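Have a look at model-v3.txt below; it lists compact mmCIF, C-alpha atoms.
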```
# COMPACT_ATOMS: atom_id res chain seq x y z
CA MET A 1 -12.95 3.02 -3.99
CA LEU A 2 -10.04 1.04 -5.37
CA ARG A 3 -8.83 0.83 -8.96
CA VAL A 4 -7.46 -2.67 -9.37
CA LEU A 5 -5.38 -4.63 -11.87
CA ALA A 6 -5.46 -8.44 -11.57
CA VAL A 7 -2.66 -10.45 -13.22
CA ASP A 8 -2.79 -14.21 -13.84
CA ASP A 9 -1.75 -16.25 -16.88
CA GLU A 10 -4.49 -18.85 -16.28
CA LYS A 11 -7.61 -17.38 -17.87
CA PRO A 12 -10.26 -19.18 -15.74
CA LEU A 13 -8.50 -18.13 -12.53
CA LEU A 14 -8.15 -14.55 -13.78
CA GLU A 15 -11.84 -14.39 -14.64
CA GLU A 16 -12.82 -15.76 -11.23
CA LEU A 17 -10.56 -13.26 -9.47
CA LEU A 18 -11.99 -10.36 -11.50
CA TYR A 19 -15.53 -11.53 -10.74
CA LEU A 20 -14.85 -11.54 -7.00
CA LEU A 21 -13.12 -8.16 -7.09
CA ARG A 22 -15.89 -6.53 -9.09
CA SER A 23 -18.42 -7.89 -6.60
CA ASP A 24 -16.77 -5.96 -3.78
CA PRO A 25 -18.33 -2.49 -3.31
CA ARG A 26 -14.94 -1.09 -2.27
CA VAL A 27 -13.56 -1.79 -5.77
CA ARG A 28 -14.40 0.91 -8.31
CA SER A 29 -12.83 -0.82 -11.31
CA ALA A 30 -10.99 -4.08 -11.94
CA GLU A 31 -9.00 -4.80 -15.09
CA GLY A 32 -7.18 -7.99 -16.03
CA ALA A 33 -3.83 -8.86 -17.61
CA SER A 34 -2.88 -12.39 -18.64
CA ASP A 35 0.90 -12.00 -18.69
CA ALA A 36 3.75 -9.95 -17.28
CA THR A 37 4.16 -7.89 -20.47
CA GLY A 38 0.54 -6.78 -20.44
CA ALA A 39 0.69 -6.06 -16.73
CA LEU A 40 3.81 -3.91 -17.02
CA ARG A 41 2.39 -2.03 -19.99
CA ARG A 42 -0.79 -1.23 -18.05
CA VAL A 43 1.04 -0.26 -14.87
CA THR A 44 3.44 1.97 -16.84
CA ARG A 45 0.44 3.82 -18.25
CA ALA A 46 -0.93 4.19 -14.73
CA LEU A 47 2.38 5.55 -13.42
CA GLU A 48 2.56 8.05 -16.28
CA SER A 49 -1.01 9.11 -15.52
CA GLY A 50 -0.21 9.61 -11.84
CA PRO A 51 -2.11 8.26 -8.82
CA ASP A 52 -4.97 10.71 -9.37
CA GLY A 53 -4.99 10.48 -13.17
CA PRO A 54 -7.66 8.77 -15.27
CA ASP A 55 -5.48 5.68 -15.83
CA GLY A 56 -4.30 5.32 -12.24
CA ILE A 57 -4.13 1.96 -10.46
CA ASP A 58 -4.22 1.62 -6.70
CA VAL A 59 -3.59 -2.11 -6.23
CA VAL A 60 -2.19 -4.95 -8.34
CA PHE A 61 -3.40 -8.46 -7.45
CA LEU A 62 -0.49 -10.48 -8.75
CA ASP A 63 0.08 -14.18 -9.40
CA ILE A 64 3.64 -15.39 -8.72
CA HIS A 65 4.21 -18.26 -11.15
CA MET A 66 3.75 -17.04 -14.73
CA ALA A 67 5.54 -17.61 -18.00
CA GLY A 68 8.43 -15.18 -18.49
CA LEU A 69 8.71 -12.74 -15.61
CA THR A 70 7.30 -13.96 -12.30
CA GLY A 71 5.08 -11.92 -10.04
CA LEU A 72 8.06 -11.36 -7.75
CA ASP A 73 10.03 -9.96 -10.72
CA ILE A 74 7.19 -7.56 -11.52
CA ALA A 75 6.98 -6.43 -7.89
CA ARG A 76 10.75 -5.76 -7.82
CA LEU A 77 10.46 -3.64 -10.97
CA LEU A 78 7.56 -1.65 -9.55
CA ALA A 79 9.42 -1.07 -6.29
CA GLY A 80 11.85 1.13 -8.21
CA PHE A 81 9.19 3.75 -8.91
CA ALA A 82 8.52 6.68 -6.60
CA ARG A 83 4.80 5.95 -6.13
CA PRO A 84 4.05 2.39 -7.29
CA PRO A 85 0.67 0.74 -6.74
CA LEU A 86 0.19 -1.57 -3.79
CA ILE A 87 0.81 -5.28 -4.33
CA VAL A 88 -1.31 -8.22 -3.18
CA PHE A 89 0.08 -11.61 -4.17
CA VAL A 90 -2.44 -14.29 -5.15
CA THR A 91 -0.74 -17.66 -5.55
CA ALA A 92 -1.03 -21.40 -5.11
CA HIS A 93 2.42 -21.55 -3.49
CA GLU A 94 3.06 -21.03 0.22
CA GLY A 95 6.83 -20.79 0.10
CA PHE A 96 7.22 -17.21 -1.15
CA ALA A 97 5.47 -15.32 1.65
CA VAL A 98 8.67 -14.00 3.25
CA GLN A 99 9.97 -12.72 -0.12
CA ALA A 100 6.57 -11.20 -0.82
CA PHE A 101 6.50 -9.23 2.41
CA ASP A 102 10.12 -8.20 1.91
CA LEU A 103 8.78 -6.52 -1.24
CA LYS A 104 6.25 -4.62 0.91
CA ALA A 105 3.26 -6.67 -0.21
CA VAL A 106 0.02 -5.71 1.49
CA ASP A 107 -1.19 -9.30 1.63
CA TYR A 108 -0.51 -12.86 0.48
CA VAL A 109 -3.61 -14.81 -0.57
CA LEU A 110 -3.52 -18.52 -1.36
CA LYS A 111 -5.44 -20.18 -4.17
CA PRO A 112 -8.12 -21.37 -4.42
CA VAL A 113 -9.25 -17.89 -3.44
CA ARG A 114 -12.02 -17.72 -0.88
CA PRO A 115 -14.28 -14.64 -1.15
CA GLU A 116 -13.90 -13.76 2.53
CA ARG A 117 -10.10 -14.00 2.30
CA LEU A 118 -10.04 -11.76 -0.77
CA ALA A 119 -12.32 -9.31 1.01
CA GLU A 120 -9.75 -9.13 3.82
CA ALA A 121 -7.03 -8.33 1.28
CA VAL A 122 -9.18 -5.50 -0.10
CA ARG A 123 -9.70 -4.22 3.45
CA ARG A 124 -5.96 -4.18 4.05
CA ALA A 125 -5.36 -2.30 0.82
CA CYS A 126 -7.98 0.29 1.80
CA ALA A 127 -6.35 0.67 5.20
CA GLN A 128 -2.92 1.05 3.63
CA LEU A 129 -4.19 3.81 1.37
CA GLY A 130 -5.88 5.53 4.30
CA ARG A 131 -9.28 5.44 2.68
CA ALA A 132 -12.60 4.98 4.39
CA GLU A 133 -13.88 1.49 3.81
CA GLU A 134 -17.29 0.21 3.01
CA ALA A 135 -18.04 -3.29 4.17
CA PRO A 136 -19.33 -5.80 1.61
CA THR A 137 -22.80 -5.55 3.19
CA GLY A 138 -22.95 -1.89 2.18
CA ARG A 139 -22.63 -0.61 5.76
CA PRO A 140 -19.72 1.71 6.59
CA ALA A 141 -16.95 -0.24 8.20
CA ARG A 142 -15.09 0.89 11.27
CA SER A 143 -12.02 2.89 10.43
CA ALA A 144 -8.97 0.70 9.94
CA ALA A 145 -6.53 3.56 10.56
CA PRO A 146 -5.46 2.39 14.05
CA ARG A 147 -4.34 -0.97 12.65
CA PRO A 148 -0.63 -1.14 11.78
CA ALA A 149 0.24 -1.44 8.11
CA PRO A 150 1.00 -5.10 7.29
CA GLU A 151 4.51 -4.47 6.11
CA ALA A 152 5.31 -2.52 9.27
CA ALA A 153 4.32 -5.53 11.35
CA VAL A 154 6.35 -7.85 9.14
CA ALA A 155 9.40 -5.60 9.21
CA ASP A 156 9.50 -5.87 13.01
CA ARG A 157 9.63 -9.66 12.75
CA GLY A 158 12.96 -9.69 10.99
CA PRO A 159 14.53 -12.94 9.74
CA GLU A 160 13.82 -14.83 12.99
CA GLN A 161 10.43 -16.12 11.87
CA ILE A 162 9.01 -18.18 9.05
CA ALA A 163 5.67 -17.57 7.36
CA VAL A 164 3.16 -20.42 7.42
CA GLU A 165 -0.34 -20.64 5.98
CA LEU A 166 -3.16 -21.79 8.24
CA GLY A 167 -6.76 -21.73 7.05
CA GLY A 168 -6.03 -19.06 4.44
CA VAL A 169 -4.30 -16.80 6.97
CA THR A 170 -0.56 -16.20 6.94
CA ARG A 171 1.00 -16.58 10.40
CA PHE A 172 4.59 -16.27 11.56
CA VAL A 173 6.32 -18.94 13.63
CA ALA A 174 9.49 -18.13 15.55
CA ILE A 175 12.35 -20.30 14.33
CA ALA A 176 13.51 -20.60 17.95
CA ASP A 177 10.21 -22.38 18.74
CA ILE A 178 10.80 -25.11 16.14
CA ALA A 179 12.12 -28.32 17.69
CA TYR A 180 12.56 -30.34 14.54
CA VAL A 181 11.55 -30.46 10.88
CA GLU A 182 10.24 -33.47 9.00
CA ALA A 183 10.54 -33.93 5.23
CA GLN A 184 7.29 -34.60 3.38
CA GLY A 185 8.15 -34.69 -0.30
CA ASP A 186 8.61 -31.14 -1.60
CA TYR A 187 7.18 -29.87 1.70
CA ALA A 188 8.51 -29.72 5.22
CA ARG A 189 6.55 -30.06 8.45
CA LEU A 190 7.71 -27.78 11.26
CA HIS A 191 7.19 -29.25 14.73
CA THR A 192 6.82 -26.94 17.73
CA ASP A 193 5.57 -27.50 21.28
CA GLU A 194 2.18 -26.16 20.17
CA GLY A 195 1.71 -28.31 17.08
CA SER A 196 2.99 -28.54 13.50
CA HIS A 197 2.88 -26.48 10.32
CA LEU A 198 3.37 -27.56 6.70
CA VAL A 199 5.39 -25.28 4.43
CA ARG A 200 6.25 -25.70 0.74
CA ILE A 201 10.02 -25.64 1.26
CA PRO A 202 12.29 -28.68 0.80
CA LEU A 203 14.14 -29.92 3.85
CA SER A 204 17.48 -29.39 2.07
CA THR A 205 16.68 -25.69 1.67
CA LEU A 206 15.90 -25.28 5.37
CA GLU A 207 19.08 -27.19 6.22
CA GLU A 208 21.12 -24.56 4.36
CA ARG A 209 19.20 -21.58 5.71
CA TRP A 210 19.18 -22.67 9.34
CA ALA A 211 22.62 -24.22 9.78
CA ALA A 212 23.83 -21.05 11.50
CA ARG A 213 20.82 -21.24 13.86
CA GLY A 214 21.89 -24.63 15.25
CA PHE A 215 19.79 -26.94 13.07
CA VAL A 216 21.50 -30.14 11.98
CA ARG A 217 20.52 -32.97 9.65
CA ILE A 218 20.26 -36.28 11.51
CA HIS A 219 18.48 -38.31 8.85
CA ARG A 220 17.24 -37.88 5.30
CA ARG A 221 13.84 -37.13 6.82
CA HIS A 222 14.74 -34.98 9.82
CA LEU A 223 16.39 -31.68 10.69
CA VAL A 224 16.74 -31.01 14.41
CA SER A 225 17.56 -28.00 16.59
CA LEU A 226 20.59 -28.91 18.68
CA ALA A 227 19.27 -26.86 21.56
CA ARG A 228 16.06 -28.90 21.66
CA ILE A 229 17.68 -32.35 21.88
CA ASP A 230 16.96 -33.76 25.35
CA GLU A 231 18.66 -37.12 25.01
CA LEU A 232 21.01 -39.06 22.72
CA ARG A 233 20.74 -42.82 22.95
CA LEU A 234 22.86 -45.61 21.42
CA ASP A 235 21.21 -49.03 21.55
CA SER A 236 22.45 -52.09 19.63
CA GLY A 237 24.14 -49.93 17.04
CA THR A 238 21.10 -47.71 16.52
CA THR A 239 21.32 -44.05 17.49
CA THR A 240 18.22 -42.06 18.41
CA VAL A 241 17.54 -38.64 19.89
CA ARG A 242 14.65 -37.54 22.04
CA VAL A 243 13.20 -34.14 21.23
CA GLY A 244 10.39 -33.45 23.65
CA ALA A 245 7.98 -36.36 23.27
CA ALA A 246 9.38 -37.39 19.87
CA GLU A 247 12.04 -40.05 19.42
CA LEU A 248 13.89 -39.69 16.12
CA GLN A 249 16.33 -42.06 14.50
CA VAL A 250 19.79 -40.82 13.55
CA SER A 251 21.29 -42.30 10.40
CA ARG A 252 24.74 -43.89 10.61
CA ARG A 253 26.32 -41.27 8.37
CA HIS A 254 25.19 -38.50 10.75
CA SER A 255 25.76 -40.23 14.12
CA ARG A 256 29.41 -39.33 14.75
CA GLU A 257 28.98 -35.74 13.57
CA LEU A 258 25.92 -35.30 15.77
CA ARG A 259 27.71 -36.63 18.87
CA ASP A 260 30.61 -34.24 18.25
CA LEU A 261 28.26 -31.30 17.76
CA LEU A 262 26.35 -32.10 20.94
CA MET A 263 29.56 -32.31 22.93
CA ARG A 264 30.73 -28.94 21.61
CA HIS A 265 27.30 -27.47 22.18
CA ALA A 266 27.24 -28.71 25.79
CA THR A 267 30.72 -27.35 26.61
CA GLY A 268 30.53 -24.21 24.47
```
Written as structure tokens, that's how I'd like the structure from this file.
Amino acid sequence: MLRVLAVDDEKPLLEELLYLLRSDPRVRSAEGASDATGALRRVTRALESGPDGPDGIDVVFLDIHMAGLTGLDIARLLAGFARPPLIVFVTAHEGFAVQAFDLKAVDYVLKPVRPERLAEAVRRACAQLGRAEEAPTGRPARSAAPRPAPEAAVADRGPEQIAVELGGVTRFVAIADIAYVEAQGDYARLHTDEGSHLVRIPLSTLEERWAARGFVRIHRRHLVSLARIDELRLDSGTTTVRVGAAELQVSRRHSRELRDLLMRHATG
């Protein structure tokens, strides 16, 4: 049975989260905090009490964007303690999943929170703590012990993958499988041979992060993997590249640089 602290500075969302948590038979108690200060004060009391003490907390369900300290800031502070509570991030933003798992988060749940998705986060927390679970129906669940801890699985992935959200489930896409990236406002759409994924990361940010991986800007809307360019075509002053089945226009300011890069890439 878990002792839970939920932290969110939006009162209606906090109340909804607490309602869902208290409805889960695997949760013994669920308290709320509406800001970082209150959360840290409550967690400090729990740490002083000890994991088996009367004020102990097993899991903190933590929003990321809050006034003052963010949820990531709180998680970094808690990571400095010898036996901190587990962290589950609950957020409306997709773009912080990698940072969250770097901080050893048990799970990353997107808002609006679906009951079944939150129940999965509770299951993962129970598994992480090595406790026997009870399914929401009241029947004993199968032991989750053989499943690897989420952060162990993430640690093996290293920096070669990017987290994407699909149907409330966080998946990891290999950067090497991404052929090109398309800007969509504050988002970016990652195109692979299998389909596409939308992430809340600006194209300019990915351009910086992935320059060393062979991704180059060819247009204000597109970032392309050099290794995935099949053809460069110049027709009536217009330059295009073919990447698989996609034909993408290259802006004039990027044309010469792209040709040079492709030549070096081909002879390198």
Using all atoms listed in the file, which protein or nucleic acid residues come within 8 Å of Asp8 in chain A? Drop anything in the same chain fewer than 4 positions from it, and give the result as a short mmCIF file (atom, residue, chain, number, x, y, z; two decimals) with C-alpha atoms, in the frame of the given file.
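Below you can see part_11.cif, which holds the result:
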```cif
data_model
loop_
_atom_site.label_atom_id
_atom_site.label_comp_id
_atom_site.auth_asym_id
_atom_site.auth_seq_id
_atom_site.Cartn_x
_atom_site.Cartn_y
_atom_site.Cartn_z
CA LEU A 13 -8.50 -18.13 -12.53
CA LEU A 14 -8.15 -14.55 -13.78
CA GLY A 32 -7.18 -7.99 -16.03
CA ALA A 33 -3.83 -8.86 -17.61
CA SER A 34 -2.88 -12.39 -18.64
CA ASP A 35 0.90 -12.00 -18.69
CA LEU A 62 -0.49 -10.48 -8.75
CA ASP A 63 0.08 -14.18 -9.40
CA MET A 66 3.75 -17.04 -14.73
#
```
Residue list as a PDB file with C-alpha atoms, keeping the file's coordinate frame for point (-10.8, -10.8, -4.0), cut-off 12 Å, all atoms listed in the file:
```
ATOM      1  CA  LEU A   2     -10.040   1.040  -5.370  1.00  0.00           C
ATOM      2  CA  VAL A   4      -7.460  -2.670  -9.370  1.00  0.00           C
ATOM      3  CA  LEU A   5      -5.380  -4.630 -11.870  1.00  0.00           C
ATOM      4  CA  ALA A   6      -5.460  -8.440 -11.570  1.00  0.00           C
ATOM      5  CA  LEU A  13      -8.500 -18.130 -12.530  1.00  0.00           C
ATOM      6  CA  LEU A  14      -8.150 -14.550 -13.780  1.00  0.00           C
ATOM      7  CA  GLU A  15     -11.840 -14.390 -14.640  1.00  0.00           C
ATOM      8  CA  GLU A  16     -12.820 -15.760 -11.230  1.00  0.00           C
ATOM      9  CA  LEU A  17     -10.560 -13.260  -9.470  1.00  0.00           C
ATOM     10  CA  LEU A  18     -11.990 -10.360 -11.500  1.00  0.00           C
ATOM     11  CA  TYR A  19     -15.530 -11.530 -10.740  1.00  0.00           C
ATOM     12  CA  LEU A  20     -14.850 -11.540  -7.000  1.00  0.00           C
ATOM     13  CA  LEU A  21     -13.120  -8.160  -7.090  1.00  0.00           C
ATOM     14  CA  ARG A  22     -15.890  -6.530  -9.090  1.00  0.00           C
ATOM     15  CA  SER A  23     -18.420  -7.890  -6.600  1.00  0.00           C
ATOM     16  CA  ASP A  24     -16.770  -5.960  -3.780  1.00  0.00           C
ATOM     17  CA  PRO A  25     -18.330  -2.490  -3.310  1.00  0.00           C
ATOM     18  CA  ARG A  26     -14.940  -1.090  -2.270  1.00  0.00           C
ATOM     19  CA  VAL A  27     -13.560  -1.790  -5.770  1.00  0.00           C
ATOM     20  CA  ALA A  30     -10.990  -4.080 -11.940  1.00  0.00           C
ATOM     21  CA  VAL A  59      -3.590  -2.110  -6.230  1.00  0.00           C
ATOM     22  CA  VAL A  60      -2.190  -4.950  -8.340  1.00  0.00           C
ATOM     23  CA  PHE A  61      -3.400  -8.460  -7.450  1.00  0.00           C
ATOM     24  CA  LEU A  62      -0.490 -10.480  -8.750  1.00  0.00           C
ATOM     25  CA  VAL A  88      -1.310  -8.220  -3.180  1.00  0.00           C
ATOM     26  CA  PHE A  89       0.080 -11.610  -4.170  1.00  0.00           C
ATOM     27  CA  VAL A  90      -2.440 -14.290  -5.150  1.00  0.00           C
ATOM     28  CA  ASP A 107      -1.190  -9.300   1.630  1.00  0.00           C
ATOM     29  CA  TYR A 108      -0.510 -12.860   0.480  1.00  0.00           C
ATOM     30  CA  VAL A 109      -3.610 -14.810  -0.570  1.00  0.00           C
ATOM     31  CA  LEU A 110      -3.520 -18.520  -1.360  1.00  0.00           C
ATOM     32  CA  LYS A 111      -5.440 -20.180  -4.170  1.00  0.00           C
ATOM     33  CA  PRO A 112      -8.120 -21.370  -4.420  1.00  0.00           C
ATOM     34  CA  VAL A 113      -9.250 -17.890  -3.440  1.00  0.00           C
ATOM     35  CA  ARG A 114     -12.020 -17.720  -0.880  1.00  0.00           C
ATOM     36  CA  PRO A 115     -14.280 -14.640  -1.150  1.00  0.00           C
ATOM     37  CA  GLU A 116     -13.900 -13.760   2.530  1.00  0.00           C
ATOM     38  CA  ARG A 117     -10.100 -14.000   2.300  1.00  0.00           C
ATOM     39  CA  LEU A 118     -10.040 -11.760  -0.770  1.00  0.00           C
ATOM     40  CA  ALA A 119     -12.320  -9.310   1.010  1.00  0.00           C
ATOM     41  CA  GLU A 120      -9.750  -9.130   3.820  1.00  0.00           C
ATOM     42  CA  ALA A 121      -7.030  -8.330   1.280  1.00  0.00           C
ATOM     43  CA  VAL A 122      -9.180  -5.500  -0.100  1.00  0.00           C
ATOM     44  CA  ARG A 123      -9.700  -4.220   3.450  1.00  0.00           C
ATOM     45  CA  ARG A 124      -5.960  -4.180   4.050  1.00  0.00           C
ATOM     46  CA  ALA A 125      -5.360  -2.300   0.820  1.00  0.00           C
ATOM     47  CA  PRO A 136     -19.330  -5.800   1.610  1.00  0.00           C
TER      48      PRO A 136
END
```
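Atom pair CA of Ser225 in chain A / CA of Ala179 in chain A has a distance of 5.6 Å (rounded to one decimal).
If only C-alpha atoms are the atoms counted, then among A:Glu231, A:Glu10, A:Asp58, A:Glu247 the closest residue to Cys126 in chain A is A:Asp58.
Across the model, the gap from CA of Ala46 in chain A to CA of His65 in chain A is 23.3 Å.
CA of Pro202 in chain A sits 25.9 Å away from CA of Asp260 in chain A.
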Selected residue of minimal separation from Tyr180 in chain A among A:Arg200, A:Arg45, A:Arg209, A:Arg217, counting only C-alpha atoms: A:Arg217
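Among the candidate residues A:Gln128, A:Leu261, A:Val241, A:Arg220, the one lying nearest to Val106 in chain A is A:Gln128, with distances computed using all atoms listed in the file.
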Neighbours of point (6.1, -28.8, 16.3) within 9 Å, using only C-alpha atoms, written as a PyMOL selection string: chain A and resi 177-181+189-197
For Leu234 in chain A: contacts at 10 Å, only C-alpha atoms, fewer than 4 positions along chain excluded, given as JSON, numbers by chain: {"A": [238, 239, 240, 241, 250, 255]}
